[in-house]
file protein25.txt (compact mmCIF, C-alpha atoms)
# COMPACT_ATOMS: atom_id res chain seq x y z
CA MET A 1 0.00 0.00 0.00
CA HIS A 2 2.04 2.91 -1.23
CA GLU A 3 -0.33 5.39 0.43
CA LEU A 4 1.51 4.61 3.67
CA ALA A 5 4.72 6.06 2.25
CA LEU A 6 2.89 9.22 1.18
CA ALA A 7 1.20 9.52 4.58
CA ASP A 8 4.58 9.09 6.24
CA ALA A 9 5.93 11.92 4.07
CA VAL A 10 3.04 14.16 5.18
CA MET A 11 3.87 13.49 8.82
CA LYS A 12 7.57 14.19 8.28
CA ALA A 13 6.68 17.47 6.56
CA ALA A 14 4.35 18.37 9.43
CA VAL A 15 7.08 17.77 12.00
CA LYS A 16 9.51 19.94 10.03
CA ALA A 17 6.92 22.70 9.67
CA ALA A 18 6.14 22.49 13.38
CA ASP A 19 9.85 22.79 14.16
CA ASP A 20 10.15 25.83 11.92
CA ALA A 21 7.09 27.45 13.54
CA GLY A 22 8.21 26.63 17.08
CA MET A 23 5.12 24.55 17.78
CA THR A 24 5.11 22.59 21.00
CA ARG A 25 1.89 20.80 20.10
CA ILE A 26 0.27 19.91 16.78
CA ASP A 27 -3.53 19.97 16.81
CA ARG A 28 -4.67 19.61 13.22
CA LEU A 29 -3.36 18.86 9.75
CA VAL A 30 -5.23 19.75 6.58
CA VAL A 31 -4.17 17.57 3.66
CA LYS A 32 -5.20 17.93 0.04
CA VAL A 33 -5.50 14.86 -2.19
CA GLY A 34 -5.48 15.41 -5.95
CA GLU A 35 -8.03 13.61 -8.10
CA LEU A 36 -5.40 12.56 -10.65
CA GLN A 37 -3.60 10.25 -8.20
CA GLN A 38 -6.86 8.38 -7.47
CA ILE A 39 -6.13 7.91 -3.79
CA GLU A 40 -9.29 7.07 -1.91
CA LYS A 41 -9.98 9.53 0.86
CA ASP A 42 -10.91 6.85 3.39
CA LEU A 43 -7.80 4.87 2.61
CA PHE A 44 -5.56 7.88 2.96
CA GLU A 45 -7.17 8.82 6.27
CA PHE A 46 -6.48 5.28 7.44
CA SER A 47 -2.87 5.61 6.23
CA LEU A 48 -2.40 8.90 8.08
CA ALA A 49 -3.81 7.36 11.25
CA SER A 50 -1.52 4.34 10.83
CA VAL A 51 1.69 6.36 10.66
CA LEU A 52 0.67 9.07 13.17
CA SER A 53 1.95 7.23 16.20
CA THR A 54 5.30 6.44 14.57
CA GLN A 55 6.28 10.08 14.30
CA ASP A 56 6.82 12.98 16.69
CA PRO A 57 5.10 12.95 20.13
CA ARG A 58 3.62 16.35 19.28
CA LEU A 59 1.41 14.55 16.75
CA ALA A 60 -0.06 12.17 19.35
CA ASP A 61 -3.40 13.96 19.67
CA ALA A 62 -3.50 15.60 16.25
CA THR A 63 -6.54 15.31 14.02
CA PHE A 64 -6.50 15.60 10.25
CA ASP A 65 -8.83 16.66 7.51
CA VAL A 66 -8.42 15.28 4.02
CA ALA A 67 -9.87 17.40 1.23
CA GLU A 68 -10.11 16.32 -2.38
CA GLU A 69 -9.13 18.58 -5.27
CA LEU A 70 -10.33 18.11 -8.83
CA VAL A 71 -7.65 17.74 -11.47
CA ARG A 72 -7.23 20.44 -14.12
CA PHE A 73 -5.01 20.10 -17.16
CA GLY A 74 -3.80 22.93 -19.38
CA CYS A 75 -2.77 22.05 -22.92
CA ASN A 76 0.53 23.59 -24.04
CA ALA A 77 -0.33 23.00 -27.70
CA CYS A 78 -3.78 24.60 -28.01
CA GLY A 79 -4.37 26.30 -24.65
CA ARG A 80 -7.49 24.29 -23.72
CA GLU A 81 -8.12 23.70 -20.00
CA TYR A 82 -9.95 20.53 -19.11
CA GLY A 83 -10.73 18.07 -16.33
CA ARG A 84 -10.80 14.34 -15.73
CA PRO A 85 -14.19 13.66 -17.37
CA GLU A 86 -12.81 14.88 -20.70
CA VAL A 87 -9.72 12.67 -20.58
CA SER A 88 -9.78 9.02 -21.42
CA PHE A 89 -7.34 6.58 -19.92
CA ASP A 90 -8.37 3.15 -18.84
CA ASP A 91 -8.96 2.31 -15.21
CA GLY A 92 -6.76 -0.76 -15.43
CA ALA A 93 -3.03 -0.66 -16.03
CA GLU A 94 -3.03 2.96 -17.21
CA GLY A 95 -4.96 4.22 -14.20
CA GLU A 96 -2.78 2.12 -11.91
CA ALA A 97 0.39 3.60 -13.40
CA ILE A 98 -0.96 7.14 -12.91
CA HIS A 99 -1.92 6.22 -9.35
CA PHE A 100 1.76 5.54 -8.59
CA ILE A 101 3.27 8.28 -10.78
CA PRO A 102 0.72 10.94 -11.83
CA GLU A 103 3.13 12.19 -14.52
CA LEU A 104 2.42 8.99 -16.44
CA SER A 105 -0.81 10.74 -17.43
CA HIS A 106 1.43 12.18 -20.18
CA ALA A 107 1.82 8.64 -21.48
CA PHE A 108 -1.88 7.83 -21.52
CA ALA A 109 -3.97 11.03 -21.53
CA ARG A 110 -4.47 13.41 -24.43
CA CYS A 111 -5.96 16.88 -24.80
CA PRO A 112 -9.63 16.42 -25.77
CA ALA A 113 -9.39 19.33 -28.20
CA CYS A 114 -6.18 18.69 -30.13
CA GLY A 115 -4.93 15.28 -28.96
CA SER A 116 -1.62 16.54 -27.56
CA PRO A 117 0.16 14.82 -24.69
CA ASP A 118 1.91 18.13 -23.97
CA PHE A 119 -0.07 19.53 -21.06
CA ASP A 120 0.56 20.89 -17.60
CA ILE A 121 -1.20 19.54 -14.54
CA LEU A 122 -2.59 22.79 -13.17
CA ALA A 123 -4.30 21.42 -10.06
CA GLY A 124 -5.33 18.18 -8.39
CA ARG A 125 -2.10 16.25 -8.98
CA GLY A 126 -1.22 14.53 -5.70
CA ILE A 127 -0.75 15.02 -1.96
CA THR A 128 -0.15 18.41 -0.33
CA LEU A 129 0.05 19.49 3.30
CA GLU A 130 -2.17 22.55 3.13
CA ARG A 131 -2.21 23.72 6.72
CA LEU A 132 -0.88 22.90 10.15
CA GLU A 133 -2.44 24.11 13.36
CA GLY A 134 -0.99 23.92 16.84
CA SER A 135 0.01 25.82 19.90
CA GLY A 136 2.88 28.20 19.51
CA SER A 137 1.91 28.51 15.87
CA ASP A 138 1.57 31.64 13.81
CA GLU A 139 -1.61 30.31 12.21
CA MET B 1 3.29 27.51 8.08
CA SER B 2 2.38 30.20 5.58
CA GLU B 3 2.30 28.12 2.38
CA ALA B 4 1.20 24.64 1.43
CA LEU B 5 3.98 22.06 1.59
CA ASP B 6 4.89 19.32 -0.84
CA PRO B 7 5.58 16.51 1.66
CA ARG B 8 7.63 14.26 -0.62
CA PRO B 9 11.08 15.84 -0.19
CA TYR B 10 10.83 15.30 3.58
CA ALA B 11 10.71 11.51 3.13
CA ILE B 12 13.68 11.10 0.81
CA ALA B 13 16.46 10.96 3.40
CA ASP B 14 14.54 8.26 5.26
CA ARG B 15 13.92 6.21 2.11
CA LEU B 16 17.66 6.28 1.33
CA SER B 17 18.82 5.82 4.91
CA GLY B 18 19.72 2.16 4.38
CA VAL B 19 21.87 2.89 1.32
CA ALA B 20 25.59 3.08 2.06
CA ARG B 21 26.67 4.68 -1.20
CA ILE B 22 24.92 6.43 -4.11
CA VAL B 23 26.67 6.65 -7.48
CA GLY B 24 25.19 8.62 -10.37
CA VAL B 25 26.40 7.46 -13.78
CA THR B 26 26.25 10.54 -15.94
CA GLY B 27 27.54 12.05 -19.15
CA SER B 28 26.71 15.15 -21.03
CA LYS B 29 25.65 13.57 -24.32
CA GLY B 30 23.20 10.88 -25.32
CA GLY B 31 24.36 7.69 -26.97
CA ILE B 32 27.66 7.35 -25.16
CA GLY B 33 26.71 4.25 -23.25
CA LYS B 34 25.65 5.53 -19.83
CA SER B 35 22.89 2.97 -19.47
CA VAL B 36 25.11 0.10 -20.54
CA VAL B 37 27.80 1.25 -18.11
CA ALA B 38 25.30 1.79 -15.27
CA SER B 39 23.54 -1.53 -15.80
CA THR B 40 26.73 -3.52 -16.30
CA LEU B 41 28.35 -1.87 -13.29
CA ALA B 42 25.30 -2.88 -11.25
CA LEU B 43 25.56 -6.44 -12.54
CA ALA B 44 29.29 -6.73 -11.85
CA TRP B 45 28.85 -5.22 -8.38
CA ALA B 46 26.01 -7.62 -7.56
CA ASP B 47 28.10 -10.53 -8.89
CA ARG B 48 30.74 -9.61 -6.32
CA GLY B 49 28.14 -10.16 -3.60
CA ALA B 50 27.16 -6.55 -2.95
CA ARG B 51 23.55 -5.49 -2.35
CA VAL B 52 22.96 -3.26 -5.36
CA GLY B 53 20.14 -0.97 -6.47
CA LEU B 54 19.71 0.46 -9.96
CA PHE B 55 17.39 3.42 -10.56
CA ASP B 56 16.82 4.35 -14.21
CA LEU B 57 16.30 8.11 -14.14
CA ASP B 58 16.03 8.52 -17.88
CA PHE B 59 12.25 8.75 -17.61
CA THR B 60 11.59 9.61 -21.24
CA SER B 61 13.89 6.89 -22.64
CA PRO B 62 14.41 4.20 -20.00
CA SER B 63 16.63 1.37 -21.16
CA ASP B 64 18.27 -0.38 -18.20
CA HIS B 65 15.53 -3.03 -18.34
CA VAL B 66 16.56 -3.70 -21.95
CA VAL B 67 20.22 -4.08 -21.05
CA LEU B 68 19.46 -6.48 -18.20
CA GLY B 69 16.51 -8.26 -19.79
CA ALA B 70 14.12 -7.32 -17.00
CA ASP B 71 10.40 -8.05 -17.23
CA ARG B 72 8.22 -4.94 -17.27
CA THR B 73 5.74 -5.82 -14.57
CA PHE B 74 4.31 -3.53 -11.91
CA PRO B 75 6.36 -3.29 -8.72
CA GLU B 76 4.87 -4.77 -5.57
CA GLU B 77 3.31 -2.45 -2.99
CA ARG B 78 4.37 -2.63 0.62
CA PHE B 79 5.35 0.45 2.60
CA GLY B 80 5.65 2.31 -0.66
CA ILE B 81 6.74 0.20 -3.59
CA ASP B 82 9.46 -2.42 -3.79
CA PRO B 83 12.04 -2.38 -6.59
CA HIS B 84 12.07 -5.41 -8.84
CA GLU B 85 14.83 -7.90 -8.13
CA VAL B 86 16.57 -8.62 -11.45
CA HIS B 87 19.69 -10.82 -11.36
CA ARG B 88 20.13 -9.84 -7.68
CA ILE B 89 19.84 -6.14 -8.59
CA HIS B 90 17.06 -4.09 -6.97
CA MET B 91 15.76 -2.13 -9.89
CA MET B 92 13.31 0.74 -10.43
CA SER B 93 12.24 2.23 -13.74
CA VAL B 94 9.23 4.04 -15.19
CA ALA B 95 9.30 1.31 -17.82
CA PHE B 96 7.73 -0.96 -15.19
CA PHE B 97 4.67 1.32 -15.19
CA ALA B 98 4.48 2.77 -18.70
CA GLY B 99 4.76 -0.38 -20.79
CA ASP B 100 5.46 0.50 -24.41
CA ALA B 101 3.97 4.00 -24.16
CA ALA B 102 6.15 7.05 -24.77
CA VAL B 103 6.47 9.31 -21.74
CA PRO B 104 6.77 12.92 -22.93
CA LEU B 105 7.69 15.06 -19.91
CA ARG B 106 8.54 18.72 -19.52
CA GLY B 107 10.94 19.78 -16.79
CA ALA B 108 8.45 20.30 -13.98
CA ALA B 109 6.81 16.95 -14.70
CA THR B 110 10.22 15.27 -14.68
CA THR B 111 10.93 16.74 -11.25
CA ASN B 112 7.54 15.58 -9.98
CA ALA B 113 8.07 12.04 -11.24
CA LEU B 114 11.50 11.94 -9.60
CA LEU B 115 10.14 13.25 -6.30
CA GLU B 116 7.32 10.72 -6.36
CA LEU B 117 9.59 7.73 -6.94
CA LEU B 118 12.17 8.92 -4.39
CA ALA B 119 9.38 9.33 -1.81
CA ILE B 120 7.66 5.98 -2.32
CA THR B 121 10.40 3.54 -3.34
CA HIS B 122 11.47 1.29 -0.51
CA TRP B 123 15.14 0.57 -1.27
CA GLY B 124 15.91 -1.14 2.02
CA ASP B 125 19.53 -1.87 2.92
CA LEU B 126 21.94 -1.56 -0.01
CA ASP B 127 25.69 -1.33 -0.33
CA VAL B 128 25.28 0.87 -3.35
CA LEU B 129 22.50 2.50 -5.34
CA ILE B 130 23.42 3.34 -8.93
CA LEU B 131 21.49 6.18 -10.58
CA ASP B 132 21.43 5.98 -14.36
CA MET B 133 21.17 9.65 -15.29
CA PRO B 134 19.59 11.06 -18.45
CA PRO B 135 21.90 12.91 -20.84
CA GLY B 136 23.01 16.40 -19.97
CA LEU B 137 22.79 18.59 -16.93
CA GLY B 138 19.09 19.39 -16.97
CA ASP B 139 16.32 19.04 -14.45
CA THR B 140 17.03 15.51 -13.28
CA SER B 141 20.73 16.11 -12.69
CA LEU B 142 20.08 19.33 -10.79
CA ASP B 143 17.29 17.67 -8.81
CA VAL B 144 19.35 14.70 -7.67
CA ILE B 145 22.21 17.01 -6.71
CA ASN B 146 19.75 18.93 -4.52
CA LEU B 147 17.72 16.00 -3.21
CA VAL B 148 20.00 12.98 -2.85
CA PRO B 149 22.35 13.06 0.13
CA GLY B 150 25.90 11.79 -0.34
CA LEU B 151 25.70 11.56 -4.12
CA GLU B 152 28.86 10.86 -6.13
CA PHE B 153 29.10 10.94 -9.90
CA LEU B 154 30.91 8.68 -12.33
CA LEU B 155 31.28 10.48 -15.66
CA VAL B 156 31.11 8.66 -18.96
CA GLY B 157 32.54 10.15 -22.14
CA ASN B 158 34.35 9.19 -25.28
CA GLY B 159 37.06 10.58 -27.50
CA SER B 160 34.80 12.47 -29.91
CA ARG B 161 35.50 16.20 -29.89
CA VAL B 162 31.75 16.80 -29.62
CA VAL B 163 31.63 14.74 -26.45
CA ILE B 164 34.90 16.10 -25.04
CA GLU B 165 33.53 19.64 -25.30
CA SER B 166 30.39 18.82 -23.35
CA VAL B 167 32.19 16.62 -20.81
CA ARG B 168 34.52 19.54 -20.12
CA ARG B 169 31.52 21.71 -19.25
CA ALA B 170 30.04 18.96 -17.08
CA VAL B 171 33.26 18.41 -15.13
CA ALA B 172 33.62 22.15 -14.56
CA LEU B 173 30.06 22.50 -13.28
CA LEU B 174 30.10 19.44 -11.03
CA SER B 175 33.43 20.57 -9.58
CA GLU B 176 32.02 24.05 -8.99
CA LEU B 177 29.00 22.55 -7.21
CA GLY B 178 31.27 20.40 -5.05
CA VAL B 179 29.75 17.12 -6.22
CA PRO B 180 32.33 14.35 -5.68
CA LEU B 181 33.54 12.83 -8.95
CA ILE B 182 34.74 9.25 -8.85
CA GLY B 183 36.35 9.66 -12.23
CA LEU B 184 35.96 9.86 -15.97
CA LEU B 185 35.42 6.67 -17.92
CA GLU B 186 36.15 6.62 -21.64
CA ASN B 187 33.54 4.40 -23.25
CA MET B 188 33.43 2.86 -26.74
CA SER B 189 37.03 3.86 -27.28
CA ARG B 190 38.14 3.58 -30.91
CA MET B 191 41.20 5.80 -30.93
CA ASP B 192 44.10 6.36 -28.63
CA ASP B 193 44.76 10.08 -28.82
CA GLY B 194 44.71 10.62 -25.06
CA ALA B 195 42.09 13.37 -25.26
CA VAL B 196 39.87 12.01 -22.50
CA ALA B 197 42.83 11.23 -20.25
CA SER B 198 44.16 14.76 -20.80
CA LEU B 199 40.78 16.26 -19.95
CA ALA B 200 40.64 14.26 -16.73
CA GLU B 201 44.17 15.30 -15.83
CA ASN B 202 43.46 18.96 -16.52
CA PHE B 203 40.53 18.93 -14.11
CA GLY B 204 42.22 16.74 -11.51
CA VAL B 205 39.70 13.97 -12.04
CA ALA B 206 40.71 10.30 -12.02
CA TYR B 207 40.88 8.78 -15.50
CA LEU B 208 39.19 5.40 -15.22
CA GLY B 209 40.55 4.16 -18.51
CA PRO B 210 39.19 3.27 -21.90
CA ILE B 211 36.57 0.66 -22.59
CA PRO B 212 37.38 -0.52 -26.11
CA PHE B 213 34.47 -0.67 -28.55
CA ASP B 214 33.05 -4.17 -28.34
CA PRO B 215 31.21 -5.44 -31.42
CA LYS B 216 29.73 -8.29 -29.32
CA LEU B 217 27.90 -5.91 -27.01
CA GLU B 218 24.75 -5.29 -29.04
CA ALA B 219 23.98 -8.98 -29.31
CA ALA B 220 24.55 -9.40 -25.56
CA LEU B 221 21.96 -6.81 -24.50
CA GLY B 222 19.17 -8.44 -22.54
CA ASP B 223 21.15 -11.61 -21.88
CA VAL B 224 23.22 -11.29 -18.71
CA GLU B 225 25.22 -14.46 -19.39
CA ARG B 226 26.47 -12.96 -22.64
CA LEU B 227 26.78 -9.53 -21.01
CA ARG B 228 29.23 -11.04 -18.54
CA GLN B 229 31.44 -12.00 -21.51
CA THR B 230 31.66 -8.45 -22.87
CA THR B 231 34.53 -6.01 -22.63
CA VAL B 232 32.45 -3.52 -20.66
CA TYR B 233 31.66 -6.10 -17.97
CA GLY B 234 35.34 -6.98 -17.72
CA GLU B 235 36.20 -3.31 -17.32
CA MET B 236 33.59 -2.92 -14.60
CA GLU B 237 35.19 -5.85 -12.78
CA ARG B 238 38.54 -4.09 -13.10
CA LEU B 239 37.17 -0.88 -11.61
CA LEU B 240 35.50 -2.75 -8.77
CA ALA B 241 38.74 -4.54 -7.92
CA ASP B 242 40.77 -1.34 -7.67
CA PRO B 243 40.73 0.13 -4.14
CA ALA B 244 41.63 3.54 -5.60
CA LEU B 245 38.50 3.60 -7.76
CA LEU B 246 35.19 2.02 -6.88
CA ALA B 247 36.15 -0.61 -4.35
CA GLY B 248 36.03 0.21 -0.68
call {"tool": "encode", "arguments": {"input": "protein25.txt", "output": "structure tokens"}}
result
Amino acid sequence: MHELALADAVMKAAVKAADDAGMTRIDRLVVKVGELQQIEKDLFEFSLASVLSTQDPRLADATFDVAEELVRFGCNACGREYGRPEVSFDDGAEGEAIHFIPELSHAFARCPACGSPDFDILAGRGITLERLEGSGSDE
Amino acid sequence: MSEALDPRPYAIADRLSGVARIVGVTGSKGGIGKSVVASTLALAWADRGARVGLFDLDFTSPSDHVVLGADRTFPEERFGIDPHEVHRIHMMSVAFFAGDAAVPLRGAATTNALLELLAITHWGDLDVLILDMPPGLGDTSLDVINLVPGLEFLLVGNGSRVVIESVRRAVALLSELGVPLIGLLENMSRMDDGAVASLAENFGVAYLGPIPFDPKLEAALGDVERLRQTTVYGEMERLLADPALLAG
């Protein structure tokens, strides 16, 4: 379950951010999950809970919110912006590859207007630590 | 915390914590045999009993799996993903995910793919992890210099004036950045004009010697038994036996 490695990265980032902010206690993490990576919210919440206790003691009583963000692509060839419903890649091996490495969307997805694989992922790519709340924070 | 954080860079040191040594095989031009050198070095090192990883960072044109004859199946998931074990080499490549599809990536996408694989790949305990770099000193090279702790580079070049010119720039930059250079290896050597050795000497970099052009190599790709009979494999064994070079 590679979500555990991503959840572990979120916790390590939170600890570093808490250090930088001088937090003595971490109360809440807000995490954004991009649609493109196809990580199920429930599964990622489970992953975060699983790795929580293995990290810094300041995280012991922390809660977390996981918010989903829709993916947006911007075509570098024709300028069209589009979302997941307009892009076809199969939910089997292609979707699985994108689940591990979202950039493999360039291998399997095409602009619905011009067919180009040359696009930017404007939003909704993967995992981001959006906010950290705790005592001693500047939030 | 005033801005959103990408968490992946914070996991990289931990993912590589069991790796004793990280060697990037690089060169400033395409087609000079970096992937053959990287893959064959990994094979020779593993044959000596070392625990070896091989990470193909040429995302748009991966080829280590071709050199070693590796199956392109999805890696197993555990805590992250496990590299494939191929001839005792722990191996990771986008070819395991992309199949036959081309992977056209701009710079930012290349960086994201690298970050993702560094953050989720579970390398475990290795004596050495070999990074097969893409040609040139673009995004991937700059990213690994910034992201991978303890990185050393082994430079591959040849005697062509076109290659010499770009290798000179690469040596100068890597020296300026303070990236340790193991040495300069002259691959597919067809002439003995001493140009590569002179370049190494001028920059104070170890000259690792010529690997003569081997007409048997092409037919040996994908077949490790035949690969072990090639000149390049023999030269990798020589380097690995020399305490002043790669051994130790």
call {"tool": "interface_residues", "arguments": {"input": "protein25.txt", "of": "chain B", "to": "chain A", "cutoff": "9 Å", "atoms": "all atoms listed in the file", "output": "VMD selection string"}}
result
chain B and resid 1 to 12 74 76 to 81 94 96 to 98 101 to 106 108 to 110 112 to 113 116 to 117 119 to 122
call {"tool": "write_last_selection", "arguments": {"input": "protein25.txt", "atoms": "C-alpha atoms", "output": "mmCIF file, in the coordinates of the input"}}
result
data_model
loop_
_atom_site.group_PDB
_atom_site.id
_atom_site.type_symbol
_atom_site.label_atom_id
_atom_site.label_comp_id
_atom_site.auth_asym_id
_atom_site.auth_seq_id
_atom_site.Cartn_x
_atom_site.Cartn_y
_atom_site.Cartn_z
ATOM 1 C CA MET B 1 3.290 27.510 8.080
ATOM 2 C CA SER B 2 2.380 30.200 5.580
ATOM 3 C CA GLU B 3 2.300 28.120 2.380
ATOM 4 C CA ALA B 4 1.200 24.640 1.430
ATOM 5 C CA LEU B 5 3.980 22.060 1.590
ATOM 6 C CA ASP B 6 4.890 19.320 -0.840
ATOM 7 C CA PRO B 7 5.580 16.510 1.660
ATOM 8 C CA ARG B 8 7.630 14.260 -0.620
ATOM 9 C CA PRO B 9 11.080 15.840 -0.190
ATOM 10 C CA TYR B 10 10.830 15.300 3.580
ATOM 11 C CA ALA B 11 10.710 11.510 3.130
ATOM 12 C CA ILE B 12 13.680 11.100 0.810
ATOM 13 C CA PHE B 74 4.310 -3.530 -11.910
ATOM 14 C CA GLU B 76 4.870 -4.770 -5.570
ATOM 15 C CA GLU B 77 3.310 -2.450 -2.990
ATOM 16 C CA ARG B 78 4.370 -2.630 0.620
ATOM 17 C CA PHE B 79 5.350 0.450 2.600
ATOM 18 C CA GLY B 80 5.650 2.310 -0.660
ATOM 19 C CA ILE B 81 6.740 0.200 -3.590
ATOM 20 C CA VAL B 94 9.230 4.040 -15.190
ATOM 21 C CA PHE B 96 7.730 -0.960 -15.190
ATOM 22 C CA PHE B 97 4.670 1.320 -15.190
ATOM 23 C CA ALA B 98 4.480 2.770 -18.700
ATOM 24 C CA ALA B 101 3.970 4.000 -24.160
ATOM 25 C CA ALA B 102 6.150 7.050 -24.770
ATOM 26 C CA VAL B 103 6.470 9.310 -21.740
ATOM 27 C CA PRO B 104 6.770 12.920 -22.930
ATOM 28 C CA LEU B 105 7.690 15.060 -19.910
ATOM 29 C CA ARG B 106 8.540 18.720 -19.520
ATOM 30 C CA ALA B 108 8.450 20.300 -13.980
ATOM 31 C CA ALA B 109 6.810 16.950 -14.700
ATOM 32 C CA THR B 110 10.220 15.270 -14.680
ATOM 33 C CA ASN B 112 7.540 15.580 -9.980
ATOM 34 C CA ALA B 113 8.070 12.040 -11.240
ATOM 35 C CA GLU B 116 7.320 10.720 -6.360
ATOM 36 C CA LEU B 117 9.590 7.730 -6.940
ATOM 37 C CA ALA B 119 9.380 9.330 -1.810
ATOM 38 C CA ILE B 120 7.660 5.980 -2.320
ATOM 39 C CA THR B 121 10.400 3.540 -3.340
ATOM 40 C CA HIS B 122 11.470 1.290 -0.510
#
call {"tool": "closest_residue", "arguments": {"input": "protein25.txt", "among": "A:Gly22, A:Asp56, A:Gly83, A:Asp65", "to": "Lys41 of chain A", "atoms": "all atoms listed in the file"}}
result
A:Asp65
call {"tool": "residues_around", "arguments": {"input": "protein25.txt", "residues": "Asn146 of chain B", "least_positions_apart": "2", "cutoff": "12 Å", "atoms": "all atoms listed in the file", "output": "VMD selection string"}}
result
chain B and resid 9 12 to 13 111 114 to 115 139 to 144 148 to 151 177 to 179
call {"tool": "atom_distance", "arguments": {"input": "protein25.txt", "atom1": "atom CA of Ala206 of chain B", "atom2": "atom CA of Leu184 of chain B"}}
result
6.2 Å
call {"tool": "residues_around", "arguments": {"input": "protein25.txt", "residues": "Phe55 of chain B", "least_positions_apart": "6", "cutoff": "6 Å", "atoms": "all atoms listed in the file", "output": "PyMOL selection string"}}
result
chain B and resi 91-92+131
call {"tool": "atom_distance", "arguments": {"input": "protein25.txt", "atom1": "atom CA of His65 of chain B", "atom2": "atom CA of Val224 of chain B"}}
result
11.3 Å
call {"tool": "closest_residue", "arguments": {"input": "protein25.txt", "among": "B:Thr26, B:Thr60, B:Ser93, B:Asn158", "to": "Asn187 of chain B", "atoms": "all atoms listed in the file"}}
result
B:Asn158
call {"tool": "residues_around", "arguments": {"input": "protein25.txt", "residues": "Pro180 of chain B", "least_positions_apart": "6", "cutoff": "8 Å", "atoms": "only C-alpha atoms", "output": "list in words"}}
result
Leu151, Glu152, Phe153 and Leu174 of chain B
call {"tool": "write_last_selection", "arguments": {"input": "protein25.txt", "atoms": "C-alpha atoms", "output": "compact mmCIF listing (two decimals), keeping the file's coordinate frame"}}
result
# COMPACT_ATOMS: atom_id res chain seq x y z
CA LEU B 151 25.70 11.56 -4.12
CA GLU B 152 28.86 10.86 -6.13
CA PHE B 153 29.10 10.94 -9.90
CA LEU B 174 30.10 19.44 -11.03
call {"tool": "atom_distance", "arguments": {"input": "protein25.txt", "atom1": "atom CA of Val66 of chain B", "atom2": "atom CA of Pro134 of chain B"}}
result
15.5 Å
call {"tool": "closest_residue", "arguments": {"input": "protein25.txt", "among": "A:Leu52, A:Ala67, A:Leu122, A:Leu59", "to": "Glu40 of chain A", "atoms": "all atoms listed in the file"}}
result
A:Ala67
call {"tool": "residues_around", "arguments": {"input": "protein25.txt", "residues": "Gly31 of chain B", "least_positions_apart": "2", "cutoff": "12 Å", "atoms": "all atoms listed in the file", "output": "MDAnalysis selection string"}}
result
chainID B and resid 26:29 33:37 61 63 134:136 156:158 160 163 187:188
call {"tool": "axis_aligned_box", "arguments": {"input": "protein25.txt", "around": "segment 72-89 of chain A", "padding_each_side": "6 Å", "output": "lines of an AutoDock Vina configuration file"}}
result
center_x = -6.8
center_y = 16.4
center_z = -21.1
size_x = 26.7
size_y = 31.7
size_z = 25.9
call {"tool": "closest_atom_pairs", "arguments": {"input": "protein25.txt", "of": "segment 16-62 of chain A", "to": "segment 72-77 of chain A", "cutoff": "10 Å", "atoms": "only C-alpha atoms", "output": "tab-separated table"}}
result
residue	atom	partner	partner_atom	distance
A:Gly34	CA	A:Arg72	CA	9.8
A:Glu35	CA	A:Arg72	CA	9.1
A:Leu36	CA	A:Arg72	CA	8.8
call {"tool": "residues_near_point", "arguments": {"input": "protein25.txt", "point": "(26.4, -9.2, -18.3)", "cutoff": "10 Å", "atoms": "all atoms listed in the file", "output": "PDB file with C-alpha atoms, keeping the file's coordinate frame"}}
result
ATOM      1  CA  VAL B  36      25.110   0.100 -20.540  1.00  0.00           C
ATOM      2  CA  SER B  39      23.540  -1.530 -15.800  1.00  0.00           C
ATOM      3  CA  THR B  40      26.730  -3.520 -16.300  1.00  0.00           C
ATOM      4  CA  LEU B  41      28.350  -1.870 -13.290  1.00  0.00           C
ATOM      5  CA  ALA B  42      25.300  -2.880 -11.250  1.00  0.00           C
ATOM      6  CA  LEU B  43      25.560  -6.440 -12.540  1.00  0.00           C
ATOM      7  CA  ALA B  44      29.290  -6.730 -11.850  1.00  0.00           C
ATOM      8  CA  ASP B  47      28.100 -10.530  -8.890  1.00  0.00           C
ATOM      9  CA  VAL B  67      20.220  -4.080 -21.050  1.00  0.00           C
ATOM     10  CA  LEU B  68      19.460  -6.480 -18.200  1.00  0.00           C
ATOM     11  CA  HIS B  87      19.690 -10.820 -11.360  1.00  0.00           C
ATOM     12  CA  LEU B 217      27.900  -5.910 -27.010  1.00  0.00           C
ATOM     13  CA  ALA B 220      24.550  -9.400 -25.560  1.00  0.00           C
ATOM     14  CA  LEU B 221      21.960  -6.810 -24.500  1.00  0.00           C
ATOM     15  CA  GLY B 222      19.170  -8.440 -22.540  1.00  0.00           C
ATOM     16  CA  ASP B 223      21.150 -11.610 -21.880  1.00  0.00           C
ATOM     17  CA  VAL B 224      23.220 -11.290 -18.710  1.00  0.00           C
ATOM     18  CA  GLU B 225      25.220 -14.460 -19.390  1.00  0.00           C
ATOM     19  CA  ARG B 226      26.470 -12.960 -22.640  1.00  0.00           C
ATOM     20  CA  LEU B 227      26.780  -9.530 -21.010  1.00  0.00           C
ATOM     21  CA  ARG B 228      29.230 -11.040 -18.540  1.00  0.00           C
ATOM     22  CA  GLN B 229      31.440 -12.000 -21.510  1.00  0.00           C
ATOM     23  CA  THR B 230      31.660  -8.450 -22.870  1.00  0.00           C
ATOM     24  CA  THR B 231      34.530  -6.010 -22.630  1.00  0.00           C
ATOM     25  CA  VAL B 232      32.450  -3.520 -20.660  1.00  0.00           C
ATOM     26  CA  TYR B 233      31.660  -6.100 -17.970  1.00  0.00           C
ATOM     27  CA  GLY B 234      35.340  -6.980 -17.720  1.00  0.00           C
TER      28      GLY B 234
END
call {"tool": "closest_residue", "arguments": {"input": "protein25.txt", "among": "B:Leu118, B:Val128, B:Ala70, B:Leu199", "to": "Val23 of chain B", "atoms": "only C-alpha atoms"}}
result
B:Val128
